[in-house]
Number of protein chains: 2
Amino acid sequence: MEKVRPQFVLFGDSITQQSFRPGGWGAALADTYSRKADVIVRGYGGYNTRWALFLLNHLFSLNCTAPPAAVTIFFGANDAALLGRTSERQYVPLEEYKENLRKIVKHLKECSAMILVVLITPPPVDEQGRTEYARSVYGEKAMELPERTNDNTGAYARQCVELAKELHIPCIDLWSKMQETTGWQKKFLSDGLHLTEEGNSVVHEEVVQVLTDAHLRAEAMPYDFPHHSEIDSDHPEKAFEPKS
Amino acid sequence: MEKVRPQFVLFGDSITQQSFRPGGWGAALADTYSRKADVIVRGYGGYNTRWALFLLNHLFSLNCTAPPAAVTIFFGANDAALLGRTSERQYVPLEEYKENLRKIVKHLKECSAMILVVLITPPPVDEQGRTEYARSVYGEKAMELPERTNDNTGAYARQCVELAKELHIPCIDLWSKMQETTGWQKKFLSDGLHLTEEGNSVVHEEVVQVLTDAHLRAEAMPYDFPHHSEIDSDHPEKAFEPKS
């Protein structure tokens with residue numbers, strides 16, 4: 001495939017990996033930028049920022065001749081797993097999470113200073129939803145204590161917001177944004193952690209807003225080739241001639 | 001972006017362009033091949049095969065070093081517009097449609113003989129649905145005579161099927177397949193021509209079947225990087241070392 005459109009890369013954990021499921025924010029983004037940009041998913045379920053660092057050189061080569069126009073970095077839900085609970089192997093200390101994010105941003109900026117790098121905080125956690133989910137999967141063997149708490153994930157979200165301020169890059173504070181809506185726990189989260197269709201819509205809207213603010217507004221971007229109505233059916237070749 | 005996964009390119013008209021809308025077959029395909037292949041949309045609403053030829057060298061360079069693993073070619077719905085009716089500017093004669101498709105396949109095979117080229121016939125046309133749609137948009141000004149008929153589109157579908165046989169490449173005969181289901185008119189078509197979510201599901205299933213038959217079965221394809229459960233949290237680097 002030749003590169004004829006700018007690329008938006010979605011780099012993150014399962015919430016990014018699942019973004020092309022029905023109602024997903026990745027698919028919606030691809031549709032918003034239909035014929036204008038390609039949306040490439042690089043979501044890795046279960047990954048934290050520490051493991052994500054191992055992917056950087058493979059996914060974003062420093063010798064890349066055609067860097068993406070924008071990259072979303074959406075980690076933290078796994079980093080914020082609690083020590084001593086069922087997901088502790090995914091845990092990354094708070095300070096390290098921030099430094100890992102910094103390394104990811106730095107790497108992308110080294111690929112090209114022109115890449116729009118967008119940080120996204122983890123969504124809030126509905127602890128009751130997590131417990132219900134664990135019981136539905138593991139029955140009575142499910143641990144009584146949640147493996148993630150909303151307060152703890154909030155601390156990670158704040159580190160992410162703070163880093164974006166330090167680096168002067170845009171950030172979507174999903175953790176705060178979602179909690180502005182009453183009933184966010186069930187409205188936006190399907191199992192206390194992953195997104196419902198409405199939760200996906202929030203991410204989609206927020207990402208479109210950031211891209212728009214950064215002069216990547218879909219309506220203002222050109223189609224990759226003429227709209228069919230611009231093609232003269234008697235002389236179609238004219239519509240495809242290089243413009244002088 | 002480095003190329004770390006095989007690419008599937010969806011080349012076609014509006015039915016391909018819209019394939020990342022909610023319930024769309026393109027998004028569903030991207031989800032089926034999550035972490036295994038990238039799905040790239042090259043759908044051009046309103047285009048017929050004559051106009052598609054102008055895109056070939058831009059989209060699929062003959063000097064391409066990393067050709068896609070598979071390309072779906074999904075045209076014909078516009079070629080089959082009737083002369084003397086509202087969409088006649090999109091009309092392409094039956095024989096030319098077949099020859100244009102042949103040129104597209106030939107071009108792709110010249111890019112790389114390894115590309116799996118999949119032809120898809122246009123879906124059937126629900127003439128009543130088209131008329132209702134025209135009235136809903138144009139009111140009393142809507143033409144009484146349909147701009148496409150199911151019989152005529154069927155002739156184009158047969159040319160597509162025939163060409164696939166001649167060239168020994170797979171073909172999805174969507175026109176026939178959909179009409180096997182009672183009530184296909186409203187079940188699979190939203191405006192007599194474009195697909196409902198159920199219509200999209202048919203295309204998704206058929207494409208997955210063809211890919212599977214051609215040894216591109218999702219379950220058999222490797223993840224691009226280790227599953228998170230394979231990462232030793234004490235020595236994560238081990239999971240990312242090149243395998244000897």
# chains A, B, ... in the order shown; residues from 1 in each chain; ligands from 1
>>> select_by_dssp(residues="chain A", states="alpha helix (DSSP H)", output="ChimeraX atom specification")
/A:14-17,25-32,49-52,56-59,94-111,127-138,150-167,174-179,184-187,197-213
>>> residues_around(residues="range 25-37 of chain B", least_positions_apart="2", cutoff="8 Å", atoms="only C-alpha atoms", output="MDAnalysis selection string")
(chainID A and resid 17:18 20:22 27 42:44) or (chainID B and resid 5:8 10 16 19:21 23 39 41 200:201 203:204 208 218 221:224)
>>> closest_residue(among="A:Asp38, A:Glu198, A:Glu180, A:Glu205", to="chain B", atoms="only C-alpha atoms")
A:Asp38
>>> interface_residues(of="chain A", to="chain B", cutoff="7 Å", atoms="only C-alpha atoms", output="list in words")
Met1, Glu2, Phe20, Arg21, Pro22, Gly23, Ala27, Ala28, Ala30, Asp31, Gly45, Gly46, Tyr47, Trp51, Phe54, His58, Leu59, Phe60, Ser61, Cys64, Pro67, Pro68, Arg89, His228, Ser233, Pro236 and Phe240 of chain A
>>> residues_around(residues="Thr49 in chain B", least_positions_apart="3", cutoff="10 Å", atoms="only C-alpha atoms", output="list in words")
Gly12, Asp13, Ala52, Leu53, Phe54, Ile73, Phe74, Phe75, Gly76, Ala77, Asn78, Asp79, Gln90, Tyr91, Val92, Glu96, Tyr97, Lys98, Glu99, Asn100, Leu101, Lys103 and Ile104 of chain B
>>> write_last_selection(atoms="N, CA and C atoms", output="mmCIF file, in the first residue's frame")
data_model
loop_
_atom_site.group_PDB
_atom_site.id
_atom_site.type_symbol
_atom_site.label_atom_id
_atom_site.label_comp_id
_atom_site.auth_asym_id
_atom_site.auth_seq_id
_atom_site.Cartn_x
_atom_site.Cartn_y
_atom_site.Cartn_z
ATOM 1 N N GLY B 12 -13.151 -0.496 -3.070
ATOM 2 C CA GLY B 12 -14.507 -0.574 -3.595
ATOM 3 C C GLY B 12 -15.210 0.768 -3.599
ATOM 4 N N ASP B 13 -16.538 0.724 -3.641
ATOM 5 C CA ASP B 13 -17.359 1.942 -3.721
ATOM 6 C C ASP B 13 -17.904 2.295 -2.335
ATOM 7 N N ALA B 52 -12.325 3.757 -11.038
ATOM 8 C CA ALA B 52 -11.400 3.062 -10.113
ATOM 9 C C ALA B 52 -10.043 2.826 -10.773
ATOM 10 N N LEU B 53 -10.043 2.643 -12.093
ATOM 11 C CA LEU B 53 -8.776 2.388 -12.791
ATOM 12 C C LEU B 53 -7.782 3.532 -12.590
ATOM 13 N N PHE B 54 -8.301 4.750 -12.479
ATOM 14 C CA PHE B 54 -7.412 5.912 -12.302
ATOM 15 C C PHE B 54 -6.694 5.885 -10.949
ATOM 16 N N ILE B 73 -12.047 -6.602 -3.915
ATOM 17 C CA ILE B 73 -12.467 -5.689 -4.983
ATOM 18 C C ILE B 73 -13.983 -5.777 -5.061
ATOM 19 N N PHE B 74 -14.628 -4.683 -4.729
ATOM 20 C CA PHE B 74 -16.068 -4.710 -4.482
ATOM 21 C C PHE B 74 -16.721 -3.548 -5.234
ATOM 22 N N PHE B 75 -16.862 -3.723 -6.533
ATOM 23 C CA PHE B 75 -17.502 -2.709 -7.383
ATOM 24 C C PHE B 75 -18.667 -3.336 -8.158
ATOM 25 N N GLY B 76 -19.445 -2.492 -8.788
ATOM 26 C CA GLY B 76 -20.507 -2.984 -9.657
ATOM 27 C C GLY B 76 -21.854 -2.338 -9.383
ATOM 28 N N ALA B 77 -22.075 -1.935 -8.140
ATOM 29 C CA ALA B 77 -23.365 -1.327 -7.796
ATOM 30 C C ALA B 77 -23.595 -0.048 -8.601
ATOM 31 N N ASN B 78 -22.512 0.699 -8.887
ATOM 32 C CA ASN B 78 -22.661 1.931 -9.679
ATOM 33 C C ASN B 78 -22.560 1.664 -11.179
ATOM 34 N N ASP B 79 -21.683 0.751 -11.564
ATOM 35 C CA ASP B 79 -21.578 0.361 -12.979
ATOM 36 C C ASP B 79 -22.954 -0.039 -13.515
ATOM 37 N N GLN B 90 -22.993 7.252 -13.878
ATOM 38 C CA GLN B 90 -22.147 6.221 -13.264
ATOM 39 C C GLN B 90 -22.135 4.915 -14.070
ATOM 40 N N TYR B 91 -23.006 4.834 -15.037
ATOM 41 C CA TYR B 91 -23.155 3.610 -15.838
ATOM 42 C C TYR B 91 -21.877 3.220 -16.577
ATOM 43 N N VAL B 92 -21.582 1.930 -16.521
ATOM 44 C CA VAL B 92 -20.481 1.347 -17.295
ATOM 45 C C VAL B 92 -21.061 0.114 -18.008
ATOM 46 N N GLU B 96 -17.544 -3.870 -20.430
ATOM 47 C CA GLU B 96 -16.445 -3.041 -19.924
ATOM 48 C C GLU B 96 -16.230 -3.265 -18.430
ATOM 49 N N TYR B 97 -17.332 -3.436 -17.693
ATOM 50 C CA TYR B 97 -17.228 -3.727 -16.249
ATOM 51 C C TYR B 97 -16.328 -4.934 -16.022
ATOM 52 N N LYS B 98 -16.585 -5.984 -16.788
ATOM 53 C CA LYS B 98 -15.787 -7.202 -16.621
ATOM 54 C C LYS B 98 -14.316 -6.943 -16.982
ATOM 55 N N GLU B 99 -14.091 -6.204 -18.066
ATOM 56 C CA GLU B 99 -12.707 -5.934 -18.488
ATOM 57 C C GLU B 99 -11.991 -5.010 -17.505
ATOM 58 N N ASN B 100 -12.731 -4.067 -16.941
ATOM 59 C CA ASN B 100 -12.127 -3.189 -15.923
ATOM 60 C C ASN B 100 -11.717 -3.993 -14.696
ATOM 61 N N LEU B 101 -12.596 -4.896 -14.273
ATOM 62 C CA LEU B 101 -12.257 -5.763 -13.130
ATOM 63 C C LEU B 101 -11.006 -6.583 -13.455
ATOM 64 N N LYS B 103 -8.598 -5.761 -15.428
ATOM 65 C CA LYS B 103 -7.425 -4.871 -15.335
ATOM 66 C C LYS B 103 -7.006 -4.651 -13.876
ATOM 67 N N ILE B 104 -7.992 -4.512 -13.009
ATOM 68 C CA ILE B 104 -7.679 -4.292 -11.583
ATOM 69 C C ILE B 104 -6.970 -5.525 -11.009
#
>>> select_by_dssp(residues="range 56-233 of chain A", states="strand (DSSP E)", output="number ranges by chain")
A: 70-74, 116-120, 171-172
>>> residues_around(residues="range 170-172 of chain B", least_positions_apart="5", cutoff="6 Å", atoms="only C-alpha atoms", output="list of chain:residue names")
B:Val118, B:Leu119, B:Ile120, B:Ala164
>>> atom_distance(atom1="CA of Thr181 in chain B", atom2="CA of Pro122 in chain B")
16.2 Å
>>> closest_residue(among="A:Gln185, A:Ser14, A:Thr72, A:Thr86", to="Arg148 in chain A", atoms="only C-alpha atoms")
A:Thr86
>>> closest_residue(among="B:Lys186, B:Arg130, B:Arg135, B:Arg102", to="His168 in chain B", atoms="only C-alpha atoms")
B:Arg102
>>> residues_around(residues="range 153-160 of chain B", least_positions_apart="3", cutoff="6 Å", atoms="only C-alpha atoms", output="mmCIF file with N, CA and C atoms, in the first residue's frame")
data_model
loop_
_atom_site.group_PDB
_atom_site.id
_atom_site.type_symbol
_atom_site.label_atom_id
_atom_site.label_comp_id
_atom_site.auth_asym_id
_atom_site.auth_seq_id
_atom_site.Cartn_x
_atom_site.Cartn_y
_atom_site.Cartn_z
ATOM 1 N N ALA B 80 -23.753 -0.685 -12.649
ATOM 2 C CA ALA B 80 -25.049 -1.232 -13.068
ATOM 3 C C ALA B 80 -26.179 -0.208 -13.054
ATOM 4 N N LYS B 98 -16.585 -5.984 -16.788
ATOM 5 C CA LYS B 98 -15.787 -7.202 -16.621
ATOM 6 C C LYS B 98 -14.316 -6.943 -16.982
ATOM 7 N N THR B 121 -19.225 -9.484 -5.721
ATOM 8 C CA THR B 121 -20.248 -8.949 -6.629
ATOM 9 C C THR B 121 -21.045 -7.866 -5.906
ATOM 10 N N ASN B 150 -32.831 -4.992 -10.017
ATOM 11 C CA ASN B 150 -32.138 -6.168 -9.489
ATOM 12 C C ASN B 150 -31.673 -7.086 -10.615
ATOM 13 N N LEU B 163 -15.608 -13.963 -14.322
ATOM 14 C CA LEU B 163 -14.214 -13.524 -14.380
ATOM 15 C C LEU B 163 -13.373 -14.245 -13.321
#
>>> closest_residue(among="B:Val105, B:Glu230, B:Pro124, B:Gly199", to="Glu166 in chain B", atoms="only C-alpha atoms")
B:Val105
>>> atom_distance(atom1="CA of Ala220 in chain B", atom2="CA of Phe11 in chain B")
24.8 Å
>>> decode(residues="range 26-41 of chain B", atoms="all heavy atoms", output="tab-separated table (two decimals), in the first residue's frame")
chain	number	residue	atom	x	y	z
B	26	GLY	N	-16.16	-3.75	7.58
B	26	GLY	CA	-14.73	-3.43	7.65
B	26	GLY	C	-14.25	-3.41	9.10
B	26	GLY	O	-13.23	-4.01	9.43
B	27	ALA	N	-15.01	-2.73	9.94
B	27	ALA	CA	-14.66	-2.66	11.36
B	27	ALA	C	-14.69	-4.07	11.97
B	27	ALA	O	-13.81	-4.44	12.75
B	27	ALA	CB	-15.61	-1.74	12.11
B	28	ALA	N	-15.69	-4.86	11.59
B	28	ALA	CA	-15.80	-6.23	12.12
B	28	ALA	C	-14.59	-7.06	11.69
B	28	ALA	O	-14.06	-7.86	12.47
B	28	ALA	CB	-17.10	-6.87	11.65
B	29	LEU	N	-14.14	-6.84	10.46
B	29	LEU	CA	-12.98	-7.57	9.96
B	29	LEU	C	-11.73	-7.15	10.76
B	29	LEU	O	-10.91	-7.99	11.14
B	29	LEU	CB	-12.79	-7.27	8.48
B	29	LEU	CG	-11.90	-8.21	7.70
B	29	LEU	CD1	-12.53	-9.61	7.61
B	29	LEU	CD2	-11.66	-7.67	6.28
B	30	ALA	N	-11.59	-5.85	11.00
B	30	ALA	CA	-10.46	-5.35	11.80
B	30	ALA	C	-10.48	-5.99	13.18
B	30	ALA	O	-9.42	-6.33	13.74
B	30	ALA	CB	-10.51	-3.83	11.90
B	31	ASP	N	-11.67	-6.19	13.74
B	31	ASP	CA	-11.77	-6.79	15.06
B	31	ASP	C	-11.45	-8.28	15.02
B	31	ASP	O	-10.75	-8.80	15.89
B	31	ASP	CB	-13.16	-6.55	15.65
B	31	ASP	CG	-13.22	-6.91	17.12
B	31	ASP	OD1	-12.33	-6.46	17.87
B	31	ASP	OD2	-14.14	-7.64	17.51
B	32	THR	N	-11.92	-8.97	13.99
B	32	THR	CA	-11.62	-10.40	13.85
B	32	THR	C	-10.11	-10.63	13.77
B	32	THR	O	-9.58	-11.60	14.31
B	32	THR	CB	-12.28	-10.97	12.57
B	32	THR	OG1	-13.70	-10.78	12.67
B	32	THR	CG2	-11.98	-12.45	12.40
B	33	TYR	N	-9.42	-9.72	13.07
B	33	TYR	CA	-7.96	-9.86	12.88
B	33	TYR	C	-7.17	-8.95	13.82
B	33	TYR	O	-6.04	-8.58	13.54
B	33	TYR	CB	-7.60	-9.62	11.42
B	33	TYR	CG	-8.02	-10.78	10.55
B	33	TYR	CD1	-9.29	-10.86	10.01
B	33	TYR	CD2	-7.14	-11.85	10.34
B	33	TYR	CE1	-9.69	-11.97	9.25
B	33	TYR	CE2	-7.53	-12.95	9.59
B	33	TYR	CZ	-8.80	-13.00	9.05
B	33	TYR	OH	-9.18	-14.10	8.32
B	34	SER	N	-7.79	-8.64	14.95
B	34	SER	CA	-7.15	-7.80	15.97
B	34	SER	C	-5.77	-8.34	16.33
B	34	SER	O	-5.59	-9.51	16.63
B	34	SER	CB	-8.06	-7.80	17.20
B	34	SER	OG	-7.43	-7.22	18.30
B	35	ARG	N	-4.77	-7.49	16.28
B	35	ARG	CA	-3.36	-7.81	16.60
B	35	ARG	C	-2.74	-8.79	15.61
B	35	ARG	O	-1.67	-9.33	15.86
B	35	ARG	CB	-3.21	-8.34	18.03
B	35	ARG	CG	-3.47	-7.24	19.06
B	35	ARG	CD	-3.06	-7.60	20.43
B	35	ARG	NE	-1.67	-8.04	20.52
B	35	ARG	CZ	-1.13	-8.51	21.62
B	35	ARG	NH1	-1.84	-8.61	22.72
B	35	ARG	NH2	0.13	-8.86	21.64
B	36	LYS	N	-3.41	-9.02	14.49
B	36	LYS	CA	-2.88	-9.98	13.51
B	36	LYS	C	-2.75	-9.38	12.12
B	36	LYS	O	-1.83	-9.72	11.39
B	36	LYS	CB	-3.79	-11.20	13.49
B	36	LYS	CG	-3.73	-11.91	14.84
B	36	LYS	CD	-4.62	-13.10	14.95
B	36	LYS	CE	-4.35	-13.77	16.29
B	36	LYS	NZ	-5.17	-14.98	16.48
B	37	ALA	N	-3.68	-8.54	11.73
B	37	ALA	CA	-3.60	-7.90	10.42
B	37	ALA	C	-4.19	-6.50	10.53
B	37	ALA	O	-5.03	-6.23	11.39
B	37	ALA	CB	-4.36	-8.71	9.37
B	38	ASP	N	-3.74	-5.62	9.64
B	38	ASP	CA	-4.32	-4.27	9.56
B	38	ASP	C	-5.32	-4.23	8.41
B	38	ASP	O	-5.03	-4.72	7.32
B	38	ASP	CB	-3.21	-3.24	9.30
B	38	ASP	CG	-2.38	-2.98	10.53
B	38	ASP	OD1	-2.93	-3.06	11.65
B	38	ASP	OD2	-1.18	-2.68	10.39
B	39	VAL	N	-6.47	-3.65	8.68
B	39	VAL	CA	-7.49	-3.51	7.64
B	39	VAL	C	-7.49	-2.06	7.17
B	39	VAL	O	-7.69	-1.14	7.97
B	39	VAL	CB	-8.87	-3.92	8.16
B	39	VAL	CG1	-9.94	-3.67	7.10
B	39	VAL	CG2	-8.85	-5.39	8.57
B	40	ILE	N	-7.21	-1.86	5.89
B	40	ILE	CA	-7.08	-0.52	5.32
B	40	ILE	C	-8.24	-0.30	4.34
B	40	ILE	O	-8.43	-1.09	3.42
B	40	ILE	CB	-5.74	-0.38	4.56
B	40	ILE	CG1	-4.56	-0.83	5.43
B	40	ILE	CG2	-5.56	1.04	4.03
B	40	ILE	CD1	-4.23	0.11	6.57
B	41	VAL	N	-9.02	0.75	4.56
B	41	VAL	CA	-10.18	1.03	3.71
B	41	VAL	C	-9.79	1.91	2.55
B	41	VAL	O	-9.23	2.99	2.74
B	41	VAL	CB	-11.27	1.84	4.45
B	41	VAL	CG1	-12.65	1.46	3.95
B	41	VAL	CG2	-11.14	1.74	5.93
